[in-house]
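Peer 1: Provided herewith: query29.cif, mmCIF, C-alpha atoms.
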```
data_start
loop_
_atom_site.label_atom_id
_atom_site.label_comp_id
_atom_site.auth_asym_id
_atom_site.auth_seq_id
_atom_site.Cartn_x
_atom_site.Cartn_y
_atom_site.Cartn_z
CA MET A 253 -63.81 -12.89 52.62
CA GLU A 254 -61.61 -15.84 51.65
CA ASP A 255 -59.40 -15.70 48.60
CA ASP A 256 -60.07 -18.81 46.48
CA SER A 257 -57.41 -17.99 43.87
CA GLU A 258 -54.58 -20.49 43.38
CA PRO A 259 -51.21 -19.64 44.89
CA GLU A 260 -48.91 -17.83 42.51
CA GLN A 261 -46.01 -19.96 41.27
CA SER A 262 -42.44 -18.76 41.56
CA SER A 263 -40.96 -17.21 38.45
CA TRP A 264 -38.28 -19.91 38.64
CA ALA A 265 -40.88 -22.42 37.48
CA TYR A 266 -41.12 -20.65 34.14
CA LEU A 267 -37.38 -20.24 33.64
CA PRO A 268 -36.46 -21.67 30.21
CA ASP A 269 -34.26 -24.76 30.29
CA VAL A 270 -31.39 -23.00 28.55
CA CYS A 271 -31.39 -20.29 31.25
CA LEU A 272 -31.61 -22.86 34.03
CA ARG A 273 -28.61 -24.74 32.64
CA HIS A 274 -26.71 -21.46 32.50
CA VAL A 275 -27.42 -20.90 36.21
CA PHE A 276 -26.28 -24.46 37.01
CA HIS A 277 -23.11 -23.82 35.04
CA TRP A 278 -21.92 -21.37 37.71
CA LEU A 279 -22.59 -23.73 40.63
CA ASP A 280 -20.00 -26.08 42.09
CA ASP A 281 -20.70 -29.80 42.36
CA ARG A 282 -22.14 -29.66 45.86
CA ASP A 283 -24.54 -26.82 45.07
CA ARG A 284 -25.62 -28.54 41.87
CA SER A 285 -26.50 -31.67 43.87
CA ARG A 286 -28.55 -29.68 46.35
CA ALA A 287 -30.33 -27.74 43.61
CA ALA A 288 -31.19 -30.98 41.81
CA LEU A 289 -33.32 -32.01 44.82
CA VAL A 290 -35.70 -29.06 44.40
CA CYS A 291 -37.85 -30.55 41.64
CA LYS A 292 -37.83 -32.85 38.65
CA LYS A 293 -37.06 -30.02 36.24
CA TRP A 294 -33.99 -29.00 38.19
CA SER A 295 -32.90 -32.62 38.45
CA CYS A 296 -33.08 -32.86 34.65
CA ALA A 297 -30.98 -29.71 34.40
CA MET A 298 -28.40 -31.31 36.69
CA HIS A 299 -28.06 -34.23 34.26
CA SER A 300 -27.66 -32.01 31.21
CA GLY A 301 -24.59 -33.06 29.28
CA SER A 302 -23.58 -29.45 28.57
CA LEU A 303 -22.73 -28.96 32.28
CA TRP A 304 -20.14 -31.72 32.29
CA ARG A 305 -18.19 -31.12 29.12
CA CYS A 306 -15.25 -29.54 30.96
CA ARG A 307 -13.66 -30.81 34.17
CA THR A 308 -10.55 -29.84 36.12
CA ILE A 309 -9.35 -32.16 38.89
CA THR A 310 -6.54 -31.03 41.18
CA PHE A 311 -4.56 -33.48 43.29
CA TYR A 312 -3.24 -31.43 46.20
CA GLY A 313 0.11 -32.53 47.59
CA GLN A 314 -0.46 -30.97 51.00
CA PRO A 315 -3.46 -32.84 52.45
CA SER A 316 -6.41 -31.23 54.21
CA ARG A 317 -9.92 -32.44 54.92
CA ALA A 318 -11.55 -29.76 52.77
CA ARG A 319 -9.29 -30.47 49.80
CA THR A 320 -9.74 -34.23 50.17
CA LEU A 321 -13.54 -33.89 50.13
CA GLU A 322 -13.35 -31.51 47.17
CA PHE A 323 -11.17 -33.94 45.25
CA GLN A 324 -13.35 -36.96 46.07
CA SER A 325 -16.45 -35.06 44.97
CA ALA A 326 -14.86 -33.99 41.68
CA LEU A 327 -13.65 -37.53 41.03
CA TRP A 328 -17.08 -39.04 41.80
CA TYR A 329 -18.85 -36.62 39.48
CA THR A 330 -16.29 -37.21 36.75
CA LYS A 331 -17.04 -40.92 36.89
CA LYS A 332 -20.79 -40.33 37.11
CA PHE A 333 -20.92 -37.86 34.22
CA GLY A 334 -17.73 -38.89 32.44
CA LYS A 335 -19.62 -39.90 29.31
CA TYR A 336 -20.26 -36.21 28.62
CA LEU A 337 -16.66 -35.04 29.04
CA LYS A 338 -14.99 -33.25 26.14
CA HIS A 339 -12.20 -31.40 27.96
CA LEU A 340 -10.35 -32.90 30.93
CA GLU A 341 -7.54 -31.22 32.87
CA ILE A 342 -5.61 -33.02 35.61
CA LYS A 343 -3.39 -30.97 37.93
CA LEU A 344 -0.82 -32.41 40.31
CA SER A 345 -0.03 -29.72 42.89
CA ASN A 346 3.16 -30.05 44.98
CA PRO A 347 3.37 -33.83 45.48
CA TYR A 348 5.32 -34.44 48.67
CA ASN A 349 6.04 -38.16 49.13
CA THR A 350 5.91 -41.58 47.52
CA PRO A 351 2.68 -42.80 49.23
CA PHE A 352 0.85 -39.78 47.83
CA ILE A 353 2.23 -40.49 44.34
CA LYS A 354 1.19 -44.14 44.63
CA LYS A 355 -2.33 -43.09 45.60
CA PHE A 356 -2.40 -40.69 42.64
CA GLN A 357 -1.32 -43.49 40.31
CA VAL A 358 -4.02 -45.87 41.57
CA ILE A 359 -6.78 -43.27 41.30
CA MET A 360 -5.65 -42.23 37.83
CA ARG A 361 -5.66 -45.87 36.73
CA GLY A 362 -9.30 -46.19 37.75
CA LEU A 363 -10.28 -42.83 36.29
CA LEU A 364 -8.62 -43.42 32.92
CA SER A 365 -9.99 -46.95 32.74
CA HIS A 366 -13.52 -45.70 33.37
CA LEU A 367 -13.26 -42.89 30.83
CA GLY A 368 -11.75 -45.22 28.27
CA LYS A 369 -14.80 -47.47 28.50
CA CYS A 370 -17.62 -44.92 28.72
CA ASN A 371 -16.44 -41.79 26.92
CA SER A 372 -16.63 -41.25 23.19
CA HIS A 373 -16.52 -37.43 23.21
CA LEU A 374 -13.18 -36.53 24.84
CA VAL A 375 -11.22 -34.26 22.51
CA SER A 376 -8.87 -32.47 24.94
CA LEU A 377 -6.62 -33.90 27.66
CA SER A 378 -4.17 -31.95 29.82
CA ILE A 379 -1.95 -33.49 32.50
CA LYS A 380 0.76 -30.95 33.32
CA TYR A 381 3.84 -30.89 35.57
CA LEU A 382 4.00 -34.58 36.44
CA GLU A 383 7.79 -34.29 36.89
CA LEU A 384 8.26 -38.03 36.57
CA ASP A 385 12.02 -37.67 37.02
CA CYS A 386 11.58 -36.79 40.73
CA LEU A 387 12.70 -39.37 43.29
CA ILE A 388 9.21 -39.68 44.80
CA TRP A 389 8.19 -41.47 41.60
CA ARG A 390 9.42 -44.98 42.34
CA ASN A 391 10.27 -47.03 39.26
CA VAL A 392 7.36 -49.45 39.60
CA VAL A 393 4.78 -46.70 40.20
CA ARG A 394 6.19 -44.60 37.40
CA ALA A 395 6.19 -47.51 34.93
CA GLN A 396 2.62 -48.44 35.83
CA PHE A 397 1.39 -44.87 35.42
CA ILE A 398 3.01 -44.53 31.98
CA LYS A 399 1.55 -47.91 30.97
CA ASN A 400 -1.96 -46.85 32.03
CA LEU A 401 -1.68 -43.47 30.31
CA ALA A 402 -0.36 -45.06 27.11
CA ALA A 403 -3.28 -47.51 27.07
CA PHE A 404 -5.74 -44.65 27.52
CA LEU A 405 -4.16 -42.56 24.75
CA LYS A 406 -4.29 -45.56 22.45
CA ARG A 407 -8.00 -46.02 23.15
CA MET A 408 -8.69 -42.30 22.65
CA SER A 409 -6.37 -41.82 19.68
CA ASN A 410 -9.13 -41.55 17.08
CA GLN A 411 -10.92 -38.71 18.87
CA LEU A 412 -8.31 -36.67 20.79
CA ASP A 413 -7.56 -33.35 19.14
CA TYR A 414 -5.45 -31.73 21.89
CA LEU A 415 -2.88 -33.24 24.27
CA ASN A 416 -0.87 -31.32 26.86
CA LEU A 417 1.82 -33.21 28.77
CA LYS A 418 3.93 -30.18 29.62
CA GLY A 419 6.45 -30.83 32.40
CA ALA A 420 6.25 -34.63 32.33
CA ARG A 421 10.06 -34.92 32.44
CA ILE A 422 10.43 -38.48 31.18
CA THR A 423 13.05 -40.43 29.27
CA LEU A 424 13.26 -40.42 25.52
CA GLU A 425 11.95 -43.99 25.27
CA GLU A 426 9.02 -43.33 27.64
CA GLY A 427 8.12 -40.12 25.85
CA CYS A 428 8.09 -41.74 22.44
CA GLU A 429 6.01 -44.61 23.84
CA LEU A 430 3.32 -42.15 24.96
CA LEU A 431 3.38 -40.21 21.68
CA ASN A 432 3.30 -43.42 19.65
CA SER A 433 0.15 -44.42 21.53
CA LEU A 434 -1.68 -41.70 19.62
CA SER A 435 -0.99 -43.45 16.34
CA SER A 436 -0.84 -47.12 17.34
CA LEU A 437 -4.22 -48.07 15.82
CA THR A 438 -3.59 -46.74 12.30
CA ASN A 439 0.16 -45.97 12.39
CA ARG A 440 -0.70 -42.30 11.90
CA SER A 441 -2.24 -39.63 14.09
CA PHE A 442 -4.49 -36.72 13.14
CA ILE A 443 -4.31 -34.88 16.47
CA SER A 444 -3.98 -31.16 15.78
CA GLU A 445 -2.31 -29.70 18.90
CA ILE A 446 0.39 -31.15 21.14
CA ASN A 447 2.23 -29.48 24.03
CA ILE A 448 5.42 -31.36 24.93
CA GLU A 449 7.30 -28.46 26.49
CA ASP A 450 9.63 -29.86 29.18
CA PHE A 451 8.22 -33.27 28.26
CA PHE A 452 11.62 -34.92 28.18
CA SER A 453 14.12 -34.96 31.02
CA LEU A 454 16.73 -32.23 31.26
CA HIS A 455 19.97 -32.51 29.30
CA LEU A 456 18.57 -34.89 26.63
CA SER A 457 19.73 -34.27 23.06
CA VAL A 458 16.40 -35.27 21.57
CA TYR A 459 17.28 -33.68 18.22
CA SER A 460 19.70 -36.53 17.41
CA SER A 461 17.25 -39.36 18.16
CA ALA A 462 16.04 -41.47 15.23
CA LEU A 463 13.31 -42.83 17.53
CA PHE A 464 11.95 -39.33 18.07
CA HIS A 465 12.02 -38.57 14.36
CA GLN A 466 10.18 -41.81 13.61
CA THR A 467 7.58 -40.94 16.23
CA MET A 468 6.99 -37.41 14.93
CA SER A 469 6.62 -38.69 11.36
CA LYS A 470 3.31 -40.30 12.36
CA PHE A 471 1.58 -36.95 12.97
CA HIS A 472 -0.16 -35.79 9.81
CA ARG A 473 -2.35 -32.85 10.82
CA LEU A 474 -0.49 -30.80 13.40
CA THR A 475 -1.71 -27.23 13.73
CA ILE A 476 0.09 -26.14 16.91
CA LEU A 477 3.23 -27.78 18.32
CA THR A 478 4.79 -26.61 21.59
CA PHE A 479 8.16 -28.11 22.51
CA ASN A 480 11.78 -27.43 23.47
CA TYR A 481 14.62 -26.38 21.23
CA ASN A 482 16.51 -29.56 22.15
CA CYS A 483 14.06 -31.34 19.82
CA ILE A 484 14.83 -29.16 16.77
CA SER A 485 16.84 -30.58 13.89
CA ASP A 486 16.86 -30.48 10.11
CA GLU A 487 15.22 -33.92 10.17
CA LEU A 488 12.33 -32.72 12.33
CA LEU A 489 11.74 -29.63 10.16
CA ASP A 490 11.69 -31.85 7.06
CA ILE A 491 9.17 -34.17 8.75
CA LEU A 492 6.90 -31.25 9.61
CA ARG A 493 7.18 -29.98 6.06
CA GLU A 494 6.27 -33.35 4.55
CA ARG A 495 3.54 -34.36 7.00
CA SER A 496 1.85 -31.23 8.37
CA SER A 497 2.71 -28.26 6.15
CA HIS A 498 -0.90 -28.00 4.94
CA SER A 499 -2.17 -27.45 8.50
CA LEU A 500 0.76 -26.13 10.55
CA CYS A 501 0.15 -22.64 11.97
CA THR A 502 2.21 -22.26 15.14
CA LEU A 503 5.44 -23.55 16.63
CA ASN A 504 6.07 -22.53 20.25
CA ILE A 505 9.71 -23.20 21.08
CA LYS A 506 11.26 -22.95 24.53
CA CYS A 507 15.02 -22.77 24.86
CA HIS A 508 16.36 -23.19 28.39
CA ILE A 509 19.98 -22.88 29.47
CA HIS A 510 19.95 -26.48 30.78
CA ASP A 511 18.60 -27.95 27.55
CA PRO A 512 21.12 -28.78 24.82
CA HIS A 513 20.89 -26.03 22.21
CA GLY A 514 24.22 -26.16 20.41
CA GLN A 515 23.03 -28.17 17.40
CA VAL A 516 23.39 -26.68 13.93
CA VAL A 517 20.09 -26.23 12.13
CA SER A 518 20.11 -25.15 8.51
CA GLY A 519 18.41 -21.95 7.48
CA MET A 520 17.38 -23.77 4.30
CA SER A 521 15.36 -26.27 6.36
CA TRP A 522 13.47 -23.39 7.97
CA ALA A 523 13.00 -21.69 4.60
CA ASN A 524 11.61 -24.87 3.01
CA LEU A 525 9.17 -25.36 5.89
CA ALA A 526 8.04 -21.71 5.77
CA LYS A 527 7.50 -21.96 2.02
CA ARG A 528 5.34 -25.09 2.31
CA ALA A 529 3.50 -23.80 5.41
CA PRO A 530 2.63 -20.19 4.53
CA LYS A 531 0.47 -19.73 7.66
CA LEU A 532 3.33 -20.68 9.99
CA ASN A 533 4.29 -18.40 12.90
CA VAL A 534 7.11 -19.24 15.30
CA ASN A 535 7.23 -18.07 18.91
CA PHE A 536 10.52 -18.30 20.83
CA PHE A 537 10.84 -18.33 24.62
CA PHE A 538 14.43 -18.06 25.87
CA GLU A 539 15.29 -18.60 29.53
CA ARG A 540 18.84 -17.63 30.52
CA VAL A 541 20.05 -18.19 26.97
CA MET A 542 21.30 -14.65 26.51
CA LYS A 543 24.71 -14.69 24.85
CA HIS A 544 24.78 -13.30 21.35
CA ASP A 545 26.65 -16.22 19.77
CA HIS A 546 24.14 -18.73 21.21
CA LEU A 547 21.15 -16.69 20.04
CA ALA A 548 22.68 -16.09 16.60
CA ARG A 549 22.93 -19.84 16.06
CA ILE A 550 19.22 -20.23 16.81
CA LEU A 551 17.55 -17.05 15.51
CA LEU A 552 18.05 -17.52 11.79
CA GLU A 553 16.58 -14.94 9.45
CA GLU A 554 14.66 -17.59 7.49
CA ILE A 555 12.39 -18.30 10.49
CA PRO A 556 8.92 -16.66 10.35
CA VAL A 557 9.14 -15.31 13.89
CA ARG A 558 6.05 -13.70 15.42
CA SER A 559 7.07 -13.51 19.10
CA ILE A 560 10.32 -13.45 21.06
CA SER A 561 10.72 -13.62 24.82
CA LEU A 562 14.18 -13.17 26.38
CA ARG A 563 14.29 -13.73 30.13
CA SER A 564 17.65 -13.45 31.85
CA CYS A 565 16.31 -14.56 35.28
CA TYR A 566 19.42 -14.83 37.42
CA PHE A 567 21.81 -14.89 34.47
CA SER A 568 24.85 -12.78 35.25
CA ASP A 569 28.04 -12.35 33.25
CA PRO A 570 30.20 -9.20 33.50
CA ASP A 571 31.22 -9.61 29.86
CA TRP A 572 27.67 -10.06 28.57
CA THR A 573 25.88 -7.39 26.57
CA ILE A 574 22.42 -7.46 25.02
CA ARG A 575 23.19 -4.62 22.62
CA PRO A 576 24.26 -6.80 19.61
CA THR A 577 21.06 -8.80 19.96
CA LEU A 578 18.95 -5.64 19.86
CA THR A 579 20.83 -4.04 16.99
CA ASN A 580 21.86 -7.02 14.80
CA LEU A 581 19.66 -10.06 15.48
CA LEU A 582 16.13 -8.91 16.25
CA PRO A 583 15.83 -6.27 13.47
CA ALA A 584 15.91 -9.16 10.97
CA TYR A 585 12.28 -9.85 11.97
CA TRP A 586 11.06 -6.29 11.36
CA HIS A 587 8.38 -7.50 8.95
CA GLY A 588 6.78 -10.16 11.17
CA LEU A 589 7.57 -9.59 14.86
CA GLN A 590 4.34 -8.80 16.75
CA LYS A 591 5.25 -9.50 20.37
CA LEU A 592 8.47 -8.73 22.25
CA THR A 593 9.22 -9.57 25.88
CA LEU A 594 12.54 -8.60 27.47
CA GLU A 595 13.41 -9.28 31.11
CA LEU A 596 17.01 -8.19 31.40
CA ASN A 597 19.69 -7.84 34.02
CA ASN A 598 21.41 -4.96 32.21
CA ASP A 599 22.61 -2.94 35.19
CA HIS A 600 25.92 -2.18 33.45
CA GLU A 601 24.51 -0.70 30.22
CA LEU A 602 21.64 1.56 29.20
CA LEU A 603 19.67 0.43 26.18
CA ASP A 604 17.20 3.28 25.60
CA ASN A 605 18.33 4.22 22.10
CA GLU A 606 18.82 0.65 20.85
CA LEU A 607 15.47 -0.52 22.20
CA LEU A 608 13.56 2.44 20.81
CA GLN A 609 15.15 1.99 17.39
CA LEU A 610 14.22 -1.70 17.40
CA ILE A 611 10.60 -0.90 18.28
CA LEU A 612 10.33 1.67 15.51
CA SER A 613 11.85 -0.70 12.96
CA CYS A 614 9.35 -3.51 13.69
CA LYS A 615 6.36 -2.40 11.63
CA ARG A 616 3.92 -4.99 13.02
CA LEU A 617 4.94 -4.89 16.69
CA LEU A 618 1.80 -4.75 18.87
CA PHE A 619 2.90 -6.02 22.29
CA LEU A 620 5.89 -4.80 24.30
CA LYS A 621 6.86 -6.00 27.76
CA VAL A 622 10.20 -4.81 29.17
CA TRP A 623 11.73 -5.28 32.61
CA ALA A 624 15.11 -3.59 32.49
CA PHE A 625 17.27 -0.69 33.59
CA LEU A 626 15.90 2.19 31.52
CA SER A 627 15.69 5.93 31.95
CA VAL A 628 12.24 7.40 32.60
CA SER A 629 12.67 9.60 29.54
CA PHE A 630 12.52 6.44 27.43
CA MET A 631 8.80 6.22 28.12
CA GLU A 632 8.21 9.79 26.99
CA ARG A 633 10.10 9.20 23.77
CA LEU A 634 8.22 5.94 23.14
CA LEU A 635 4.80 7.50 23.71
CA GLN A 636 5.68 10.50 21.55
CA ASN A 637 6.55 8.17 18.68
CA ARG A 638 3.33 6.23 19.27
CA ALA A 639 1.33 9.48 19.22
CA GLU A 640 2.98 10.36 15.88
CA ARG A 641 1.97 6.90 14.54
CA LYS A 642 5.58 5.84 14.04
CA CYS A 643 4.73 2.52 15.69
CA ILE A 644 1.47 0.60 16.21
CA LEU A 645 1.90 -0.69 19.76
CA THR A 646 -1.35 -1.52 21.55
CA THR A 647 0.14 -3.00 24.75
CA ILE A 648 3.00 -1.44 26.72
CA LYS A 649 4.08 -3.03 29.99
CA VAL A 650 7.33 -1.70 31.43
CA ARG A 651 9.09 -2.21 34.74
CA ILE A 652 11.91 0.31 35.03
CA TYR A 653 14.63 -0.99 37.31
CA THR A 654 16.40 1.58 39.48
CA ALA A 655 19.55 1.30 41.55
CA GLN A 656 18.14 3.37 44.44
CA ASP A 657 15.74 2.48 47.22
CA ASP A 658 13.84 5.72 46.82
CA SER A 659 12.18 6.04 43.40
CA THR A 660 9.89 8.95 44.32
CA GLU A 661 11.36 11.24 41.68
CA GLU A 662 11.01 8.61 38.94
CA GLU A 663 7.40 7.97 39.93
CA ARG A 664 6.67 11.71 39.76
CA LEU A 665 8.15 11.91 36.27
CA LEU A 666 6.10 8.92 35.15
CA ALA A 667 2.97 10.58 36.48
CA ASP A 668 3.80 13.71 34.47
CA ILE A 669 4.31 11.58 31.34
CA TYR A 670 0.96 9.87 31.89
CA ARG A 671 -0.82 13.21 32.17
CA LYS A 672 0.86 14.43 28.99
CA PHE A 673 -0.30 11.39 26.99
CA LYS A 674 -3.47 10.63 28.96
CA TYR A 675 -5.83 10.71 25.99
CA LEU A 676 -3.63 8.37 23.94
CA ILE A 677 -3.11 5.94 26.83
CA ASP A 678 -6.75 5.80 27.91
CA SER A 679 -8.18 5.48 24.42
CA GLU A 680 -5.71 3.29 22.54
CA LEU A 681 -3.30 1.50 24.86
CA ASN A 682 -3.16 -1.28 27.40
CA TYR A 683 -0.58 0.57 29.48
CA PHE A 684 1.20 -0.30 32.71
CA VAL A 685 4.52 1.27 33.74
CA ILE A 686 6.18 1.25 37.19
CA THR A 687 9.60 1.70 38.72
CA TYR A 688 11.20 -1.16 40.64
CA PRO A 689 14.22 -0.75 42.96
CA MET A 690 16.88 -3.41 42.32
CA VAL A 691 19.10 -3.17 45.36
#
```
How does the structure come out when it is put into structure tokens?
Peer 2:
Amino acid sequence: MEDDSEPEQSSWAYLPDVCLRHVFHWLDDRDRSRAALVCKKWSCAMHSGSLWRCRTITFYGQPSRARTLEFQSALWYTKKFGKYLKHLEIKLSNPYNTPFIKKFQVIMRGLLSHLGKCNSHLVSLSIKYLELDCLIWRNVVRAQFIKNLAAFLKRMSNQLDYLNLKGARITLEEGCELLNSLSSLTNRSFISEINIEDFFSLHLSVYSSALFHQTMSKFHRLTILTFNYNCISDELLDILRERSSHSLCTLNIKCHIHDPHGQVVSGMSWANLAKRAPKLNVNFFFERVMKHDHLARILLEEIPVRSISLRSCYFSDPDWTIRPTLTNLLPAYWHGLQKLTLELNNDHELLDNELLQLILSCKRLLFLKVWAFLSVSFMERLLQNRAERKCILTTIKVRIYTAQDDSTEEERLLADIYRKFKYLIDSELNYFVITYPMV
């Protein structure tokens, strides 16, 4: 007997559009294209604007056929669906010669030109680690790239809310040209977040530049500003107080040993800014700036510090000690410090007591990351104090340096400590502690 019933349709045919778009969200460009050929409904899903709001394009310095095809595909889809873009990230990975840089510049010119004409939704742009001070950037190519980027920023200035040009490494004049592009239409900019960390070339004393101050005075709604300490001055703090105090929430400040950081900044300037911007939190990131007199000039008690990171890297000085920083400088932020990162080369001094006392004095400290020479017993003392609610740490990440190749005994002791405080660690802490031979 023949079955005259109609064939049963696949359950995919009844999948709601919102679910279908969610499935497409997890597909790469090639799979999306193939899926769009299945039926009209899937083709419509492919052209849903929600799928193309975010795009990351990576320019790989070391060429390969697979990477070239991947890049060409991403670029083609960005042009095809660029009108939907809201968040664009461009990555330049290990550029290796001038011809590659020239090709990058030409492609970026076309891409930015296209987006400038068709896109009215872009709110976020990130182009990191351009390193325009490298020799592979010939003057003509470099100048043309900056010109094209400035023209694009000018066109997008009324809609961009976030700009990240971290690691551009350009001259003061070029940097101010790009930043001024954001305000060229109305002579003021309402962008809320800018990342210009390592934006300027090394060794520039940006803090003394009237051009930089004039440029920064055009920003009227900054919420988050990420930059280097070589930009900090009383003039800049006054500009932020006058222009953005109503919105300013976060300053992320990097201080590197190769950046000028000897300028004198008044504690009163910081106090006035903090008074006018009550939501302000300041995060400091120090790299190889470890000497107490240098840090004391920067870490003024009037600053509303929320986070401090001190990384010694390969810093080495037989006369250096971190103890005054732990006992005299950092305790000044006992009421506001929430995150502390210390990566120290302290092989000549133990800091267990000083570090523990600092932690207990900081009443709002939640995050602790320490890479240093410590005794294993430090961890037991720290966890005991945490169990007694003498501190409120929620994250503890510690790398205990040892001077011996064999750290079996230290690992055994750490295992014993974990078992002793297992309930506390498993229920309340993000906890990671290891030993690390430094020989």
Peer 1: Could you list the residues chosen by the PyMOL selection byres ((chain A and resi 576-585) around 12) in this structure as a ChimeraX atom specification?
Peer 2: /A:533-536,541-562,572-575,586-594,596,603-617
Peer 1: Could you give me, as a list of chain:residue names, the residues that sit within 9 Å of (-10.5, -30.7, 31.0) in the file's coordinates, counting only C-alpha atoms?
Peer 2: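 Residues found, by chain and rising number: A:Arg305, A:Cys306, A:Arg307, A:Thr308, A:Ile309, A:Leu337, A:Lys338, A:His339, A:Leu340, A:Glu341, A:Ile342, A:Leu374, A:Ser376, A:Leu377, A:Ser378.
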Peer 1: CA of Arg641 in chain A to CA of Ser627 in chain A: how many Å, to one decimal?
Peer 2: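 Rounded to one decimal, the two atoms are 22.2 Å apart.
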Peer 1: How far is it from CA of Thr654 in chain A to CA of Glu640 in chain A, in Å with one decimal?
Peer 2: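 Computed distance, CA of Thr654 in chain A to CA of Glu640 in chain A, equals 28.5 Å.
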Peer 1: Please write as a list in words the full residue list that the PyMOL selection byres ((chain A and resi 451-453) around 6) yields on this file.
Peer 2: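 When the PyMOL selection byres ((chain A and resi 451-453) around 6) is applied, the selected residues are Lys418, Gly419, Ala420, Arg421, Ile422, Thr423, Ile448, Glu449, Asp450 and Leu454 of chain A.
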Peer 1: Please enumerate the residues selected by the PyMOL selection byres ((chain A and resi 515) around 10) when evaluated against the supplied file, formatted as a PyMOL selection string.
Peer 2: chain A and resi 457+459-460+481-486+512-514+516-518+549-550
